[in-house]
>>> print(open('input17.csv').read())   # CSV, C-alpha atoms
chain,number,residue,atom,x,y,z
A,1,MET,CA,0.0,0.0,0.0
A,2,ALA,CA,1.3,3.4,-1.0
A,3,GLU,CA,2.4,5.8,1.7
A,4,ASP,CA,0.1,8.8,2.2
A,5,ARG,CA,2.4,11.8,1.6
A,6,SER,CA,-0.3,14.5,1.7
A,7,ILE,CA,-0.1,17.4,4.1
A,8,ASP,CA,-3.1,18.5,6.2
A,9,LEU,CA,-3.7,21.5,8.5
A,10,ILE,CA,-1.8,20.0,11.4
A,11,ASP,CA,1.2,19.6,9.2
A,12,TYR,CA,1.0,23.3,8.2
A,13,LEU,CA,1.0,24.3,11.8
A,14,LEU,CA,3.9,22.0,12.6
A,15,ILE,CA,5.9,23.5,9.8
A,16,PHE,CA,5.4,27.0,11.3
A,17,ALA,CA,5.8,25.8,14.9
A,18,ARG,CA,9.3,24.4,14.1
A,19,ARG,CA,10.3,27.9,12.9
A,20,LYS,CA,8.5,29.9,15.5
A,21,LYS,CA,11.5,31.6,16.8
A,22,PHE,CA,12.6,32.7,13.4
A,23,LEU,CA,9.1,33.9,12.5
A,24,LEU,CA,8.7,35.8,15.8
A,25,SER,CA,12.1,37.4,15.5
A,26,LEU,CA,11.3,38.3,11.9
A,27,GLY,CA,8.0,39.8,12.8
A,28,ALA,CA,9.3,41.8,15.7
A,29,GLY,CA,12.4,43.0,13.8
A,30,THR,CA,10.3,44.0,10.8
A,31,LEU,CA,7.8,45.9,12.9
A,32,ILE,CA,10.6,47.8,14.8
A,33,LEU,CA,12.7,48.4,11.7
A,34,SER,CA,9.8,49.7,9.6
A,35,TYR,CA,8.6,52.0,12.4
A,36,LEU,CA,12.1,53.4,12.8
A,37,ILE,CA,12.5,53.9,9.0
A,38,ILE,CA,9.2,55.7,8.8
A,39,PHE,CA,10.0,57.8,11.9
A,40,LEU,CA,13.5,58.8,10.6
A,41,PHE,CA,13.0,59.1,6.9
A,42,VAL,CA,9.3,59.9,6.2
A,43,THR,CA,8.4,63.5,6.7
A,44,PRO,CA,5.3,64.0,8.8
A,45,LYS,CA,2.4,66.1,7.5
A,46,TYR,CA,-0.1,68.1,9.4
A,47,GLY,CA,-3.6,69.0,8.1
A,48,ALA,CA,-5.3,72.1,9.4
A,49,GLN,CA,-9.0,72.4,8.4
A,50,ALA,CA,-11.2,75.4,7.6
A,51,LEU,CA,-15.0,75.3,7.5
A,52,ILE,CA,-16.9,77.6,5.2
A,53,ILE,CA,-20.4,78.1,4.0
A,54,PRO,CA,-21.6,80.2,1.0
A,55,ASN,CA,-23.1,83.7,1.6
A,56,ASP,CA,-26.7,84.2,0.7
A,57,GLN,CA,-25.6,86.9,-1.7
A,58,GLU,CA,-23.6,84.5,-3.8
A,59,GLN,CA,-24.4,83.5,-7.4
A,60,ILE,CA,-26.5,86.3,-9.0
A,61,GLY,CA,-26.3,88.8,-6.2
A,62,GLY,CA,-29.0,91.4,-5.6
A,63,ILE,CA,-30.7,90.7,-8.9
A,64,ALA,CA,-32.0,87.5,-7.5
A,65,SER,CA,-34.3,89.3,-5.0
A,66,LEU,CA,-35.8,91.2,-7.9
A,67,LEU,CA,-36.3,88.2,-10.2
A,68,LYS,CA,-38.0,86.3,-7.3
A,69,ASN,CA,-40.9,88.7,-7.6
A,70,PHE,CA,-41.5,87.3,-11.1
A,71,SER,CA,-41.6,83.6,-9.9
A,72,ASN,CA,-45.2,83.3,-10.9
A,73,MET,CA,-44.4,84.1,-14.6
A,74,PRO,CA,-45.2,81.2,-17.0
A,75,VAL,CA,-41.6,81.1,-18.1
A,76,ASN,CA,-38.4,80.1,-16.3
A,77,ILE,CA,-35.9,82.8,-15.7
A,78,PRO,CA,-32.3,81.4,-15.8
A,79,GLY,CA,-30.3,81.9,-12.6
A,80,LEU,CA,-33.2,81.8,-10.0
A,81,LYS,CA,-32.2,78.3,-8.9
A,82,LYS,CA,-28.9,78.0,-7.2
A,83,SER,CA,-26.6,75.3,-8.4
A,84,SER,CA,-24.3,73.4,-6.2
A,85,ASN,CA,-21.2,75.5,-5.2
A,86,VAL,CA,-18.9,72.4,-4.9
A,87,ASN,CA,-17.9,72.3,-8.5
A,88,LEU,CA,-17.1,76.0,-8.5
A,89,TYR,CA,-15.0,75.8,-5.3
A,90,THR,CA,-13.0,72.7,-6.4
A,91,THR,CA,-12.4,74.2,-9.8
A,92,ILE,CA,-11.0,77.4,-8.3
A,93,ILE,CA,-9.0,75.6,-5.6
A,94,TYR,CA,-7.3,73.2,-8.0
A,95,SER,CA,-6.8,75.7,-10.7
A,96,ARG,CA,-3.2,76.4,-11.8
A,97,THR,CA,-3.5,80.1,-10.9
A,98,THR,CA,-4.4,79.3,-7.3
A,99,LEU,CA,-1.8,76.6,-6.9
A,100,GLU,CA,0.9,78.9,-8.4
A,101,ASN,CA,0.0,81.6,-5.8
A,102,LEU,CA,0.4,79.0,-3.0
A,103,ILE,CA,3.7,77.8,-4.3
A,104,ASN,CA,5.2,81.3,-4.7
A,105,LYS,CA,4.0,82.5,-1.3
A,106,PHE,CA,5.1,79.6,0.7
A,107,LYS,CA,8.2,78.6,-1.4
A,108,LEU,CA,7.0,75.0,-1.8
A,109,HIS,CA,9.9,74.2,-4.1
A,110,GLU,CA,12.0,74.0,-1.0
A,111,ASP,CA,9.5,72.1,1.0
A,112,TYR,CA,8.9,69.4,-1.6
A,113,ASP,CA,12.6,69.5,-2.7
A,114,LEU,CA,11.6,69.4,-6.4
A,115,GLU,CA,12.9,71.4,-9.3
A,116,SER,CA,10.2,70.6,-11.8
A,117,ARG,CA,7.3,73.1,-11.7
A,118,GLU,CA,4.9,70.4,-12.8
A,119,LYS,CA,6.0,68.0,-10.1
A,120,VAL,CA,5.5,70.7,-7.5
A,121,LEU,CA,2.0,71.4,-8.8
A,122,LYS,CA,1.2,67.7,-8.7
A,123,ALA,CA,2.6,67.4,-5.1
A,124,LEU,CA,0.6,70.4,-3.9
A,125,THR,CA,-2.6,69.1,-5.6
A,126,ASP,CA,-2.2,65.8,-3.7
A,127,ASN,CA,-1.8,67.7,-0.4
A,128,ILE,CA,-5.0,69.7,-0.8
A,129,ASN,CA,-8.2,68.0,0.5
A,130,THR,CA,-11.7,69.3,0.0
A,131,GLU,CA,-15.0,67.9,1.2
A,132,GLU,CA,-18.7,68.9,1.2
A,133,THR,CA,-20.6,68.0,4.4
A,134,GLN,CA,-24.2,66.8,4.4
A,135,GLU,CA,-25.3,70.2,5.8
A,136,GLY,CA,-24.0,72.0,2.7
A,137,ALA,CA,-20.8,73.3,4.3
A,138,PHE,CA,-17.4,73.0,2.7
A,139,ILE,CA,-14.1,71.8,4.4
A,140,ILE,CA,-10.7,72.8,3.1
A,141,SER,CA,-7.4,71.3,4.3
A,142,VAL,CA,-3.8,71.7,3.2
A,143,LEU,CA,-1.1,69.3,4.3
A,144,ALA,CA,2.2,70.8,5.3
A,145,LYS,CA,5.4,69.9,7.3
A,146,THR,CA,4.5,71.9,10.3
A,147,PRO,CA,1.1,72.6,12.0
A,148,GLU,CA,1.6,76.3,11.7
A,149,LYS,CA,2.4,76.3,8.0
A,150,SER,CA,-0.6,74.0,7.4
A,151,ALA,CA,-2.9,76.5,9.1
A,152,GLU,CA,-1.4,79.5,7.2
A,153,MET,CA,-1.7,77.7,3.8
A,154,THR,CA,-5.3,76.7,4.5
A,155,ASN,CA,-6.4,80.2,5.5
A,156,TYR,CA,-4.5,81.7,2.6
A,157,LEU,CA,-6.3,79.2,0.2
A,158,VAL,CA,-9.7,80.3,1.7
A,159,SER,CA,-8.8,83.9,1.0
A,160,LEU,CA,-7.8,83.2,-2.6
A,161,LEU,CA,-11.0,81.3,-3.1
A,162,ASN,CA,-13.1,84.2,-1.7
A,163,GLU,CA,-11.2,86.8,-3.8
A,164,LYS,CA,-11.7,84.7,-7.0
A,165,ILE,CA,-15.4,84.3,-6.4
A,166,ILE,CA,-15.7,88.0,-5.8
A,167,GLN,CA,-13.9,88.7,-9.1
A,168,LEU,CA,-16.3,86.3,-10.9
A,169,GLU,CA,-19.3,87.9,-9.3
A,170,ILE,CA,-18.2,91.4,-10.3
A,171,ALA,CA,-17.4,90.2,-13.8
A,172,LYS,CA,-20.9,88.6,-13.9
A,173,ALA,CA,-22.5,91.8,-12.6
A,174,LYS,CA,-20.6,93.8,-15.2
A,175,ASP,CA,-21.9,91.6,-18.0
A,176,ASN,CA,-25.4,91.9,-16.6
A,177,ARG,CA,-25.1,95.6,-16.4
A,178,GLN,CA,-23.9,95.9,-20.0
A,179,PHE,CA,-26.6,93.6,-21.2
A,180,MET,CA,-29.4,95.4,-19.3
A,181,GLU,CA,-28.0,98.8,-20.4
A,182,LYS,CA,-28.1,97.8,-24.0
A,183,ARG,CA,-31.7,96.5,-23.6
A,184,TYR,CA,-32.7,99.7,-21.7
A,185,HIS,CA,-31.5,101.9,-24.6
A,186,GLU,CA,-33.2,99.6,-27.2
A,187,ILE,CA,-36.5,99.6,-25.3
A,188,SER,CA,-36.4,103.3,-24.7
A,189,ALA,CA,-35.8,103.9,-28.5
A,190,ASP,CA,-38.7,101.6,-29.3
A,191,LEU,CA,-41.0,103.3,-26.8
A,192,LYS,CA,-40.1,106.7,-28.3
A,193,LEU,CA,-40.8,105.5,-31.8
A,194,SER,CA,-44.1,103.9,-30.8
A,195,GLU,CA,-45.2,107.1,-29.0
A,196,GLU,CA,-44.4,109.2,-32.1
A,197,LYS,CA,-46.3,106.8,-34.4
A,198,LEU,CA,-49.3,106.9,-32.1
A,199,ARG,CA,-49.2,110.7,-31.9
A,200,ASP,CA,-48.9,111.1,-35.7
A,201,TYR,CA,-51.8,108.7,-36.2
A,202,GLN,CA,-54.0,110.5,-33.7
A,203,LYS,CA,-53.3,113.7,-35.6
A,204,SER,CA,-54.1,112.3,-39.0
A,205,SER,CA,-57.1,110.2,-38.0
A,206,GLY,CA,-58.6,112.4,-35.3
A,207,LEU,CA,-59.0,109.3,-33.1
A,208,LEU,CA,-57.5,110.4,-29.8
A,209,GLU,CA,-58.7,107.7,-27.5
A,210,ALA,CA,-60.5,104.8,-29.1
A,211,GLU,CA,-62.9,103.5,-26.5
A,212,ASN,CA,-64.2,106.6,-24.9
A,213,GLN,CA,-64.1,108.6,-28.2
A,214,THR,CA,-66.0,105.9,-30.1
A,215,LYS,CA,-68.6,105.8,-27.4
A,216,SER,CA,-69.0,109.5,-27.6
A,217,ILE,CA,-69.2,109.5,-31.4
A,218,ILE,CA,-71.9,106.9,-31.3
A,219,GLU,CA,-73.9,108.8,-28.7
A,220,THR,CA,-73.5,112.0,-30.8
A,221,TYR,CA,-74.7,110.3,-34.0
A,222,SER,CA,-77.7,108.9,-32.0
A,223,LYS,CA,-78.5,112.4,-30.8
A,224,MET,CA,-78.2,113.8,-34.3
A,225,GLU,CA,-80.5,111.0,-35.6
A,226,SER,CA,-83.0,112.0,-33.0
A,227,GLU,CA,-82.7,115.7,-33.8
A,228,LEU,CA,-83.1,115.0,-37.5
A,229,ALA,CA,-86.3,113.0,-36.9
A,230,THR,CA,-87.5,115.9,-34.7
A,231,LYS,CA,-86.8,118.5,-37.4
A,232,GLU,CA,-88.6,116.3,-40.0
A,233,ILE,CA,-91.7,116.1,-37.8
A,234,GLU,CA,-91.5,119.8,-37.0
A,235,PHE,CA,-91.4,120.6,-40.8
A,236,GLU,CA,-94.4,118.4,-41.6
A,237,VAL,CA,-96.4,119.9,-38.8
A,238,THR,CA,-95.5,123.5,-39.8
A,239,ARG,CA,-96.3,122.8,-43.5
A,240,LYS,CA,-99.8,121.3,-42.6
A,241,ILE,CA,-100.7,124.0,-40.2
A,242,MET,CA,-99.2,127.1,-42.0
A,243,GLY,CA,-99.0,125.9,-45.6
A,244,GLU,CA,-96.1,125.4,-47.8
A,245,SER,CA,-95.7,129.1,-48.8
A,246,ALA,CA,-95.6,130.3,-45.3
A,247,PRO,CA,-92.2,131.9,-44.2
A,248,ALA,CA,-92.1,129.6,-41.1
A,249,THR,CA,-92.5,126.6,-43.3
A,250,LYS,CA,-89.8,127.7,-45.7
A,251,ASN,CA,-87.4,128.5,-42.8
A,252,SER,CA,-88.2,125.0,-41.3
A,253,GLN,CA,-87.5,123.3,-44.6
A,254,ILE,CA,-84.2,125.3,-45.1
A,255,ALA,CA,-83.1,124.2,-41.6
A,256,LEU,CA,-84.0,120.6,-42.2
A,257,ASN,CA,-82.2,120.5,-45.5
A,258,GLU,CA,-79.0,122.1,-44.1
A,259,PHE,CA,-79.1,119.6,-41.2
A,260,LYS,CA,-79.5,116.7,-43.5
A,261,SER,CA,-76.7,117.8,-45.7
A,262,LYS,CA,-74.4,118.3,-42.7
A,263,PHE,CA,-75.3,115.0,-41.2
A,264,SER,CA,-74.9,113.1,-44.4
A,265,GLY,CA,-71.5,114.7,-44.9
A,266,LEU,CA,-70.4,113.6,-41.4
A,267,LYS,CA,-71.6,110.0,-42.0
A,268,LYS,CA,-69.8,109.8,-45.3
A,269,GLY,CA,-66.6,111.4,-43.9
A,270,ALA,CA,-66.8,114.3,-46.3
A,271,GLU,CA,-66.9,116.8,-43.4
A,272,LYS,CA,-63.6,117.2,-41.7
A,273,ASP,CA,-64.2,117.5,-38.0
A,274,GLY,CA,-61.8,117.1,-35.2
A,275,PHE,CA,-64.0,115.0,-33.1
A,276,LEU,CA,-66.8,113.3,-35.1
A,277,LEU,CA,-65.6,110.5,-37.4
A,278,ALA,CA,-67.4,108.8,-40.1
A,279,PRO,CA,-69.1,105.7,-38.6
A,280,ARG,CA,-67.8,103.4,-41.4
A,281,SER,CA,-64.2,104.4,-40.7
A,282,ILE,CA,-64.4,103.9,-36.9
A,283,PRO,CA,-63.6,100.1,-36.9
A,284,ASP,CA,-60.6,100.4,-39.1
A,285,LYS,CA,-59.2,103.4,-37.3
A,286,ALA,CA,-59.9,101.8,-33.9
A,287,ILE,CA,-58.0,98.7,-34.8
A,288,GLU,CA,-55.0,100.6,-36.1
A,289,TYR,CA,-55.2,102.8,-33.0
A,290,TYR,CA,-55.2,99.8,-30.7
A,291,ARG,CA,-52.2,98.3,-32.5
A,292,LEU,CA,-50.2,101.4,-32.0
A,293,TYR,CA,-51.4,101.9,-28.5
A,294,ARG,CA,-50.5,98.2,-27.7
A,295,ASN,CA,-46.9,98.8,-28.9
A,296,VAL,CA,-46.6,101.7,-26.6
A,297,LYS,CA,-47.9,99.8,-23.6
A,298,ILE,CA,-45.6,96.8,-24.3
A,299,SER,CA,-42.5,99.0,-24.5
A,300,GLU,CA,-43.6,100.7,-21.2
A,301,ALA,CA,-44.0,97.3,-19.5
A,302,MET,CA,-40.7,96.1,-20.7
A,303,LEU,CA,-39.0,99.3,-19.5
A,304,GLU,CA,-40.6,99.0,-16.1
A,305,PHE,CA,-39.2,95.5,-15.9
A,306,VAL,CA,-35.7,96.4,-17.1
A,307,ILE,CA,-35.1,99.6,-15.1
A,308,PRO,CA,-34.9,98.1,-11.6
A,309,ILE,CA,-32.7,95.2,-12.8
A,310,TYR,CA,-30.4,97.6,-14.6
A,311,GLU,CA,-30.1,99.8,-11.5
A,312,GLN,CA,-29.4,96.7,-9.4
A,313,ALA,CA,-26.8,95.4,-11.8
A,314,LYS,CA,-25.0,98.8,-11.5
A,315,LEU,CA,-24.9,98.4,-7.8
A,316,ASP,CA,-23.8,94.8,-7.9
A,317,GLU,CA,-20.9,95.8,-10.1
A,318,GLN,CA,-19.5,98.0,-7.4
A,319,LYS,CA,-19.9,95.5,-4.6
A,320,GLU,CA,-17.0,93.6,-3.1
A,321,ILE,CA,-18.9,91.8,-0.3
A,322,PRO,CA,-17.3,88.5,0.8
A,323,VAL,CA,-19.3,85.7,-0.6
A,324,LEU,CA,-17.9,83.0,1.8
A,325,GLN,CA,-18.8,82.9,5.5
A,326,ILE,CA,-16.0,81.3,7.5
A,327,ILE,CA,-17.3,79.2,10.3
A,328,ASP,CA,-13.9,77.9,11.5
A,329,ASN,CA,-10.6,79.4,10.5
A,330,ALA,CA,-7.8,76.9,10.2
A,331,VAL,CA,-5.7,76.5,13.4
A,332,PRO,CA,-2.5,74.5,13.9
A,333,PRO,CA,-3.4,70.9,14.5
A,334,GLU,CA,-2.0,68.9,17.5
A,335,LYS,CA,-1.6,65.6,15.7
A,336,ARG,CA,-0.2,64.7,12.3
A,337,VAL,CA,-2.4,63.1,9.6
A,338,TYR,CA,0.5,61.4,7.8
A,339,PRO,CA,2.1,59.0,8.1
A,340,LYS,CA,0.2,56.5,10.3
A,341,ARG,CA,3.4,55.0,11.7
A,342,VAL,CA,1.9,52.2,13.7
A,343,LEU,CA,-0.6,51.2,11.1
A,344,THR,CA,1.9,51.4,8.3
A,345,SER,CA,4.4,49.3,10.3
A,346,VAL,CA,1.8,46.7,11.1
A,347,ILE,CA,0.8,46.4,7.4
A,348,ILE,CA,4.5,46.1,6.3
A,349,THR,CA,5.1,43.4,9.0
A,350,ALA,CA,1.9,41.5,8.0
A,351,VAL,CA,2.9,41.5,4.3
A,352,THR,CA,6.5,40.4,5.1
A,353,MET,CA,5.3,37.6,7.3
A,354,PHE,CA,2.7,36.5,4.8
A,355,PHE,CA,5.3,36.1,2.0
A,356,THR,CA,7.8,34.5,4.3
A,357,MET,CA,5.4,31.9,5.5
A,358,LEU,CA,4.3,31.3,1.9
A,359,PHE,CA,7.9,30.7,0.9
A,360,ILE,CA,8.5,28.3,3.8
A,361,LEU,CA,5.3,26.4,3.1
A,362,SER,CA,6.0,26.1,-0.6
A,363,ARG,CA,9.6,24.9,0.0
A,364,GLU,CA,8.3,22.3,2.5
A,365,ILE,CA,5.7,21.0,0.1
A,366,ILE,CA,8.0,20.8,-2.9
A,367,GLY,CA,10.8,19.2,-0.8
A,368,LYS,CA,8.5,16.3,0.2
A,369,SER,CA,7.0,15.8,-3.2
A,370,VAL,CA,7.7,12.4,-4.9
A,371,ASN,CA,6.4,13.6,-8.2
A,372,PRO,CA,9.2,13.1,-10.8
A,373,LYS,CA,8.1,16.2,-12.6
A,374,VAL,CA,9.2,18.3,-9.7
A,375,GLY,CA,12.8,17.1,-10.0
A,376,LEU,CA,12.6,17.7,-13.8
A,377,LEU,CA,11.4,21.2,-13.2
A,378,PHE,CA,14.3,22.1,-10.9
A,379,SER,CA,16.7,20.6,-13.3
A,380,GLU,CA,15.3,22.6,-16.2
A,381,LEU,CA,15.4,25.8,-14.1
A,382,SER,CA,19.0,25.2,-13.1
A,383,PHE,CA,21.5,27.7,-14.7
A,384,ARG,CA,24.4,25.2,-14.6
A,385,ARG,CA,25.9,24.4,-18.0
A,386,LYS,CA,24.8,21.1,-19.3
A,387,GLN,CA,27.5,18.5,-20.1
>>> encode(input="input17.csv", output="structure tokens")
Amino acid sequence: MAEDRSIDLIDYLLIFARRKKFLLSLGAGTLILSYLIIFLFVTPKYGAQALIIPNDQEQIGGIASLLKNFSNMPVNIPGLKKSSNVNLYTTIIYSRTTLENLINKFKLHEDYDLESREKVLKALTDNINTEETQEGAFIISVLAKTPEKSAEMTNYLVSLLNEKIIQLEIAKAKDNRQFMEKRYHEISADLKLSEEKLRDYQKSSGLLEAENQTKSIIETYSKMESELATKEIEFEVTRKIMGESAPATKNSQIALNEFKSKFSGLKKGAEKDGFLLAPRSIPDKAIEYYRLYRNVKISEAMLEFVIPIYEQAKLDEQKEIPVLQIIDNAVPPEKRVYPKRVLTSVIITAVTMFFTMLFILSREIIGKSVNPKVGLLFSELSFRRKQ
């Protein structure tokens, strides 16, 4: 019966137990040595933190308070909804301009011991940490060799962020002001032209105010119709009573004929009168009047909308109000954040012990193997010159 040469769990433990002194010494030595190397050769880093929140005046400034009054309009006005500030903050913080300012102010070439500008920028980028909290606040931290320098760099970075946002807000307000100023002049010119067209039409048509004037014209024609009917009855009565040759009858007939002629001329538009218009021309003239009047009112409404926004944009352009509220300024931290000496040493020791035990186990298994292919493998892997 063939001998069972397999290795079970107890055999593994026996292999390690026979080398327990070596393994314990290796583990303790690796732990101590790695800790000392980290302590002596790895530069510690400290990370001071600043906590900020955006000011209510951020984004579109004072114009927002004006536009909110138009929130019930059937259209959406761009800019009323605040977008997240995180993308803006991180873009500014990690921009080359901001990083260059930090490098120049704190002479980070010396700290990082690097000559390449790109490498210094990369190192600084890795040493800046940003985070948004669930409450909407924003945390900024810069790693440095000393607690004091970390606090100074973090606070300086916050000031650079605030200055840049102010510049962007002022530039945005300037663009708003220029746009609203252009629209103001355009609308003012349109309003002036509309008013002049309405005035000229009122002069040429005689229609000064469509609704009330049309009502008055209709009432006047109604009264004239009644007066004409009255004069006709008066003439008939006079003629029957006094006869056709009577002076009174002739006078009544002359008055009736003159009234009819005048009235007929007014209705046909032949008579030029400053107030009474021909009935047939009233609809067309009223429509044209209302079109011109509507253009005037539209321009007036647009001007009323634009003027307060234009004035507010001029004020916003002059503002330099800080847009960031600093809740906590960065202060020198008491503990370093890098490196984690104990944790790193434990990890190095664990990895070293794992590969050492794997090597011992593999060597033991291969050494006890009766498979002829193992011997052939070692012979093929041998670097000795074959005879």
>>> residues_around(input="input17.csv", residues="Ser25 in chain A", least_positions_apart="6", cutoff="12 Å", atoms="all atoms listed in the file", output="list in words")
Arg19, Leu31, Ile32, Leu33, Thr349 and Met353 of chain A
>>> closest_residue(input="input17.csv", among="A:Ile92, A:Ala330, A:Leu358, A:Ala17", to="Ile166 in chain A", atoms="all atoms listed in the file")
A:Ile92
>>> residues_around(input="input17.csv", residues="Thr352 in chain A", least_positions_apart="6", cutoff="12 Å", atoms="all atoms listed in the file", output="short mmCIF file (atom, residue, chain, number, x, y, z; two decimals) with C-alpha atoms, in the coordinates of the input")
data_model
loop_
_atom_site.label_atom_id
_atom_site.label_comp_id
_atom_site.auth_asym_id
_atom_site.auth_seq_id
_atom_site.Cartn_x
_atom_site.Cartn_y
_atom_site.Cartn_z
CA LEU A 23 9.10 33.90 12.50
CA LEU A 24 8.70 35.80 15.80
CA LEU A 26 11.30 38.30 11.90
CA GLY A 27 8.00 39.80 12.80
CA ALA A 28 9.30 41.80 15.70
CA GLY A 29 12.40 43.00 13.80
CA THR A 30 10.30 44.00 10.80
CA LEU A 31 7.80 45.90 12.90
CA SER A 34 9.80 49.70 9.60
CA SER A 345 4.40 49.30 10.30
CA VAL A 346 1.80 46.70 11.10
CA LEU A 358 4.30 31.30 1.90
CA PHE A 359 7.90 30.70 0.90
#
>>> closest_residue(input="input17.csv", among="A:Ile327, A:Val296, A:Ala48, A:Ala246", to="Thr146 in chain A", atoms="all atoms listed in the file")
A:Ala48
>>> closest_residue(input="input17.csv", among="A:Asp316, A:Glu196, A:Glu364, A:Glu234", to="Tyr293 in chain A", atoms="only C-alpha atoms")
A:Glu196
>>> residues_around(input="input17.csv", residues="Ala50 in chain A", least_positions_apart="2", cutoff="6 Å", atoms="all atoms listed in the file", output="PyMOL selection string")
chain A and resi 139-140+328-330
>>> atom_distance(input="input17.csv", atom1="CA of Met302 in chain A", atom2="CA of Gln178 in chain A")
16.8 Å
>>> atom_distance(input="input17.csv", atom1="CA of Pro54 in chain A", atom2="CA of Leu324 in chain A")
4.7 Å
>>> atom_distance(input="input17.csv", atom1="CA of Glu132 in chain A", atom2="CA of Tyr94 in chain A")
15.3 Å
>>> closest_residue(input="input17.csv", among="A:Lys45, A:Tyr310, A:Leu292, A:Arg341", to="Pro147 in chain A", atoms="all atoms listed in the file")
A:Lys45
>>> residues_around(input="input17.csv", residues="range 179-188 of chain A", least_positions_apart="6", cutoff="7 Å", atoms="all atoms listed in the file", output="list in words")
Ser299, Leu303, Val306 and Tyr310 of chain A
>>> closest_residue(input="input17.csv", among="A:Asp175, A:Glu311, A:Glu100, A:Glu195", to="Lys122 in chain A", atoms="only C-alpha atoms")
A:Glu100
>>> closest_residue(input="input17.csv", among="A:Leu143, A:Leu361, A:Ile366, A:Ile309", to="Asp11 in chain A", atoms="all atoms listed in the file")
A:Leu361
